[in-house]
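Here the structure is laid out as structure tokens; the discussion comes afterwards.
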Amino acid sequence: MKVLGLVNLILILMAYFFVEKDAVEKLKKTRLNSYLFSDEVIIRLNDIKLARAKLLKVDNWSLANYPSFNLDQEKIEKFLKQLQNIKIEKRLPDDFKFKGLCELSLGDKLTLNIGNKTNYSENFYIQLNNESFLVRDLTPQTKPLPKEVYRLNPYKHLRLLSFCESRNFDLVSKLIFKNYKIEHLGFDYFTGSSFKLNFSNFSGEPLPFNNHRFSQYAMSEFRKQLLSVKVDRYFKDKPFDSGTRVLTLSVNEKMIFEIYRSGKNNYIYSKDQSIWGELANSIFANTFYQDFWETNILTRAKTRICVHYRESKSSCFSYKSGVISDSDTIYLDFNNLYKTLDAISKNALLVKKIDNDKKFEFPYDFILEFNFNKFLVKKAKRIITVIDFQNNFQYEYLIKQDSPKVSALN
């Protein structure tokens, strides 16, 4: 049994030796083909040790010390692609010396020391393990360069150095929500208002007023905007002394973010990642639950409408998508009427419940009657106020200054 065990051990050691030898031979073959790394070496890589941070890969790349941080995967992949594009121009003698600027490790077998750039071209020096090379980065230059610096292009070398010198927070995604598949959002404002959105079926809690529906378009657009929320920079500790919590945001009913305002700046704190960020843009301050409702009281369908003026004058007509037809009288203020109909076909600025007595005191200009309901209308310079007489709701609509003239077909 001992002999058999010894034989198995020898076979395992031999297999390991030949695998390692094969990897070394592949690396040497790659160098003979003029590139520092083969695609296979980079693809199989699952840990990178930078000057100030260590990266590990399981499914995605993460920080060894902060595994919960949401990293910029695209930035890391661009760095790996840049390594694949490094072409060997010349192998340097063993006694050649150059100044190493930043050292990193690729796995536990490869150590890369990035040296300075030459003064006469875009080439720069690199040491891989104990071998030194003069190399050129063949990554396409997408940013236009001035003619006088094109030949010396320092940016690729600087980009490589910059990544090598990255700190932990430099690798966290600036688009803080980008890597999340957002299905649920919960909003809890410091004012006391709170609501929930469900993007899987475009619903929410509480239900909209007056049997209005949720706007699938508005919810989809907000989710797009959320994915573009950007952080200028991150902090380990709270970056301000005094501020106000504006909102607590829950993502997918488990991840908690707090939004703060301090002076003119907005900050976000991720409870799950224990990290602060200064927001470059914020969509939360002006987010109103009713923005996700369809609060138009007039639909696109053809509707028979009667208008009643205080002067005991009335008229009935059909209306669809900006066109008035089948009017039973020529007495219509087409311009003002159209602005009203156009406004109430859009979403309201505000919907609120009112007491039953309020509707009898409302100083309306005229009454619209359609869909077995009456709507009291008061027009100001930019705002149209409408009272849903049957259900006791008040609407505020914006009058568009560039509203087109009405079309009338009699």
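Residue names in the structure tokens use chain letters A, B, ... in the order shown, residue numbers from 1 in each chain, and ligand numbers from 1 in the order shown.
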**Study point:** Contacts of Leu226 of chain A within 8 Å, only C-alpha atoms, excl. fewer than 4 positions in-chain, as JSON, numbers by chain
**Key:** {"A": [177, 222, 283]}
Restricting the output to N, CA and C atoms, write the selected residues as a short mmCIF file (atom, residue, chain, number, x, y, z; two decimals), in the first residue's frame.
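Contents of part24.cif, as written:
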data_model
loop_
_atom_site.label_atom_id
_atom_site.label_comp_id
_atom_site.auth_asym_id
_atom_site.auth_seq_id
_atom_site.Cartn_x
_atom_site.Cartn_y
_atom_site.Cartn_z
N PHE A 177 -25.42 52.04 -9.58
CA PHE A 177 -26.50 51.07 -9.72
C PHE A 177 -26.38 50.21 -10.99
N PHE A 222 -37.42 55.97 -15.65
CA PHE A 222 -36.76 56.21 -14.36
C PHE A 222 -35.70 55.15 -14.09
N ILE A 283 -31.21 62.17 -9.23
CA ILE A 283 -32.58 62.20 -9.75
C ILE A 283 -33.59 62.07 -8.63
#
Exercise for review: Please provide the set of residues having any atom within 10 Å of Asp39 of chain A, restricted to only C-alpha atoms, with same-chain residues fewer than 4 positions apart removed, written as a list in words.
Suggested key: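 Near neighbours after the sequence-gap exclusion: Thr30, Tyr35, Ile43, Arg44, Leu80, Lys81, Leu83, Gln84 and Asn85 of chain A.
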Could you tell me, as a short mmCIF file (atom, residue, chain, number, x, y, z; two decimals) with C-alpha atoms, in the first residue's frame, which residues of segment 79-227 of chain A DSSP assigns to strand (DSSP E) when given the backbone?
data_model
loop_
_atom_site.label_atom_id
_atom_site.label_comp_id
_atom_site.auth_asym_id
_atom_site.auth_seq_id
_atom_site.Cartn_x
_atom_site.Cartn_y
_atom_site.Cartn_z
CA ILE A 86 1.53 44.79 -25.41
CA LYS A 87 3.96 43.90 -28.22
CA ILE A 88 7.63 43.14 -27.60
CA GLU A 89 9.87 45.40 -29.66
CA LYS A 90 13.14 44.14 -28.22
CA ARG A 91 14.44 41.79 -25.53
CA GLY A 100 10.63 50.67 -12.27
CA LEU A 101 7.57 52.85 -11.64
CA CYS A 102 4.93 50.33 -10.53
CA GLU A 103 4.90 46.61 -9.85
CA LEU A 104 1.96 44.20 -10.03
CA SER A 105 1.46 40.46 -9.87
CA LEU A 106 -0.65 38.38 -12.25
CA LEU A 110 4.04 36.40 -13.01
CA THR A 111 5.43 39.69 -11.71
CA LEU A 112 5.24 42.71 -13.96
CA ASN A 113 7.32 45.83 -13.33
CA ILE A 114 6.30 48.82 -15.47
CA GLY A 115 9.19 51.12 -16.28
CA ASN A 116 9.51 54.58 -17.75
CA LYS A 117 8.62 55.60 -21.32
CA PHE A 124 8.29 51.89 -22.74
CA TYR A 125 10.22 49.44 -20.60
CA ILE A 126 8.79 46.40 -18.81
CA GLN A 127 10.23 43.61 -16.74
CA LEU A 128 8.35 40.32 -16.60
CA GLU A 131 13.31 39.32 -18.26
CA SER A 132 13.38 42.93 -19.48
CA PHE A 133 11.79 44.21 -22.66
CA LEU A 134 11.24 47.32 -24.70
CA VAL A 135 7.53 47.17 -25.60
CA ARG A 136 4.79 49.00 -27.45
CA ASP A 137 1.08 49.06 -26.58
CA HIS A 184 -38.07 46.60 -6.82
CA LEU A 185 -37.44 50.06 -5.37
CA GLY A 186 -38.62 51.41 -2.03
CA PHE A 187 -38.61 55.16 -1.33
CA ASP A 188 -38.71 56.55 2.22
CA TYR A 189 -38.39 60.36 2.27
CA SER A 194 -42.97 56.58 1.22
CA PHE A 195 -43.85 54.32 -1.71
CA LYS A 196 -42.71 51.21 -3.55
CA LEU A 197 -42.24 50.45 -7.25
CA ASN A 198 -42.31 46.99 -8.81
CA SER A 203 -47.05 48.32 -10.25
CA GLY A 204 -46.51 49.93 -6.88
CA GLU A 205 -47.77 50.66 -3.37
CA ARG A 213 -52.95 53.30 -13.67
CA PHE A 214 -49.18 53.15 -13.38
#
Practice item. Please provide as a PyMOL selection string all residues within 9 Å of Lys238 of chain A, with the sequence filter that same-chain residues fewer than 3 positions apart are discarded (counting only C-alpha atoms). Key: chain A and resi 235+241+269+275-277
Write the residues you've just listed into a file as an mmCIF file, in the first residue's frame, and include C-alpha atoms for each of them.
data_model
loop_
_atom_site.group_PDB
_atom_site.id
_atom_site.type_symbol
_atom_site.label_atom_id
_atom_site.label_comp_id
_atom_site.auth_asym_id
_atom_site.auth_seq_id
_atom_site.Cartn_x
_atom_site.Cartn_y
_atom_site.Cartn_z
ATOM 1 C CA PHE A 235 -14.990 57.869 0.649
ATOM 2 C CA ASP A 241 -19.975 67.301 9.097
ATOM 3 C CA TYR A 269 -24.189 55.962 1.428
ATOM 4 C CA ILE A 275 -19.012 53.258 1.402
ATOM 5 C CA TRP A 276 -19.820 56.943 0.818
ATOM 6 C CA GLY A 277 -19.994 58.634 -2.549
#
Exercise for review: Check the smallest atom-to-atom distance from each of A:Phe375, A:Tyr217, A:Trp293, A:Phe163 to Gln82 of chain A using only C-alpha atoms, then report the winner.
Suggested key: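 Counting only C-alpha atoms, the residue closest to Gln82 of chain A is A:Phe163.
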Can you pull out every residue within 6 Å of Glu278 of chain A, counting only C-alpha atoms, but drop anything in the same chain fewer than 3 positions away, and send it as a PDB file with C-alpha atoms, in the first residue's frame?
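What landed in result00.pdb:
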ATOM      1  CA  VAL A 231     -20.529  59.114  -8.333  1.00  0.00           C
ATOM      2  CA  ASP A 232     -17.674  61.615  -8.658  1.00  0.00           C
ATOM      3  CA  ARG A 233     -15.595  60.011  -5.916  1.00  0.00           C
ATOM      4  CA  TYR A 267     -24.056  62.192  -1.202  1.00  0.00           C
TER       5      TYR A 267
END
**Study point:** Test item: residues at most 7 Å from segment 342-353 of chain A, only C-alpha atoms, excluding those fewer than 6 positions along its chain, as a PyMOL selection string
**Key:** chain A and resi 294-299+322+392-399
**Study point:** Shell of 9 Å around Ile387 of chain A, only C-alpha atoms, local chain residues under 2 positions omitted, as a list in words
**Key:**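 My reading of the contact set: Ile354, Lys359, Phe362, Tyr364, Lys374, Phe375, Leu376, Val377, Lys378, Thr385, Phe389, Gln390, Asn391, Asn392, Phe393, Gln394 and Tyr395 of chain A.
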Write to file, as a CSV table (one decimal), in the first residue's frame, the residues of the selection just made, with N, CA and C atoms.
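Dumped to again-v4.csv:
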chain,number,residue,atom,x,y,z
A,354,ILE,N,-60.0,66.1,-2.2
A,354,ILE,CA,-60.6,67.3,-1.6
A,354,ILE,C,-61.8,66.9,-0.8
A,359,LYS,N,-65.8,71.4,-3.6
A,359,LYS,CA,-66.2,71.4,-5.0
A,359,LYS,C,-67.3,72.4,-5.3
A,362,PHE,N,-65.8,76.0,-5.6
A,362,PHE,CA,-64.7,76.2,-6.6
A,362,PHE,C,-65.2,77.2,-7.6
A,364,TYR,N,-65.1,78.0,-10.8
A,364,TYR,CA,-64.8,77.5,-12.2
A,364,TYR,C,-65.1,78.5,-13.3
A,374,LYS,N,-68.6,65.1,-14.5
A,374,LYS,CA,-68.5,66.5,-14.7
A,374,LYS,C,-67.1,67.0,-14.1
A,375,PHE,N,-66.5,67.9,-14.9
A,375,PHE,CA,-65.2,68.4,-14.4
A,375,PHE,C,-65.2,69.9,-14.5
A,376,LEU,N,-65.0,70.5,-13.3
A,376,LEU,CA,-65.0,72.0,-13.2
A,376,LEU,C,-63.6,72.5,-13.5
A,377,VAL,N,-63.6,73.5,-14.4
A,377,VAL,CA,-62.3,73.9,-15.0
A,377,VAL,C,-62.0,75.4,-14.6
A,378,LYS,N,-60.9,75.7,-14.1
A,378,LYS,CA,-60.4,77.1,-13.9
A,378,LYS,C,-59.1,77.2,-14.5
A,385,THR,N,-56.7,74.2,-13.4
A,385,THR,CA,-57.1,73.4,-12.3
A,385,THR,C,-58.5,72.8,-12.6
A,389,PHE,N,-65.8,66.3,-10.2
A,389,PHE,CA,-67.0,66.5,-9.3
A,389,PHE,C,-67.5,65.2,-8.7
A,390,GLN,N,-67.5,64.2,-9.4
A,390,GLN,CA,-68.1,62.9,-8.9
A,390,GLN,C,-67.2,62.2,-7.9
A,391,ASN,N,-65.9,62.3,-8.0
A,391,ASN,CA,-65.0,61.5,-7.1
A,391,ASN,C,-64.2,62.4,-6.1
A,392,ASN,N,-64.4,63.7,-6.2
A,392,ASN,CA,-63.8,64.7,-5.2
A,392,ASN,C,-62.2,64.6,-5.3
A,393,PHE,N,-61.7,64.8,-6.5
A,393,PHE,CA,-60.3,65.0,-6.7
A,393,PHE,C,-60.0,66.3,-7.4
A,394,GLN,N,-58.8,66.9,-7.0
A,394,GLN,CA,-58.4,68.1,-7.7
A,394,GLN,C,-57.1,67.8,-8.5
A,395,TYR,N,-57.1,68.3,-9.7
A,395,TYR,CA,-55.9,68.1,-10.6
A,395,TYR,C,-55.3,69.5,-11.0
Review point. DSSP on the backbone: what in segment 341-380 of chain A comes out helix (DSSP H, G or I), as number ranges by chain?
Key: A: 341-344, 356-361
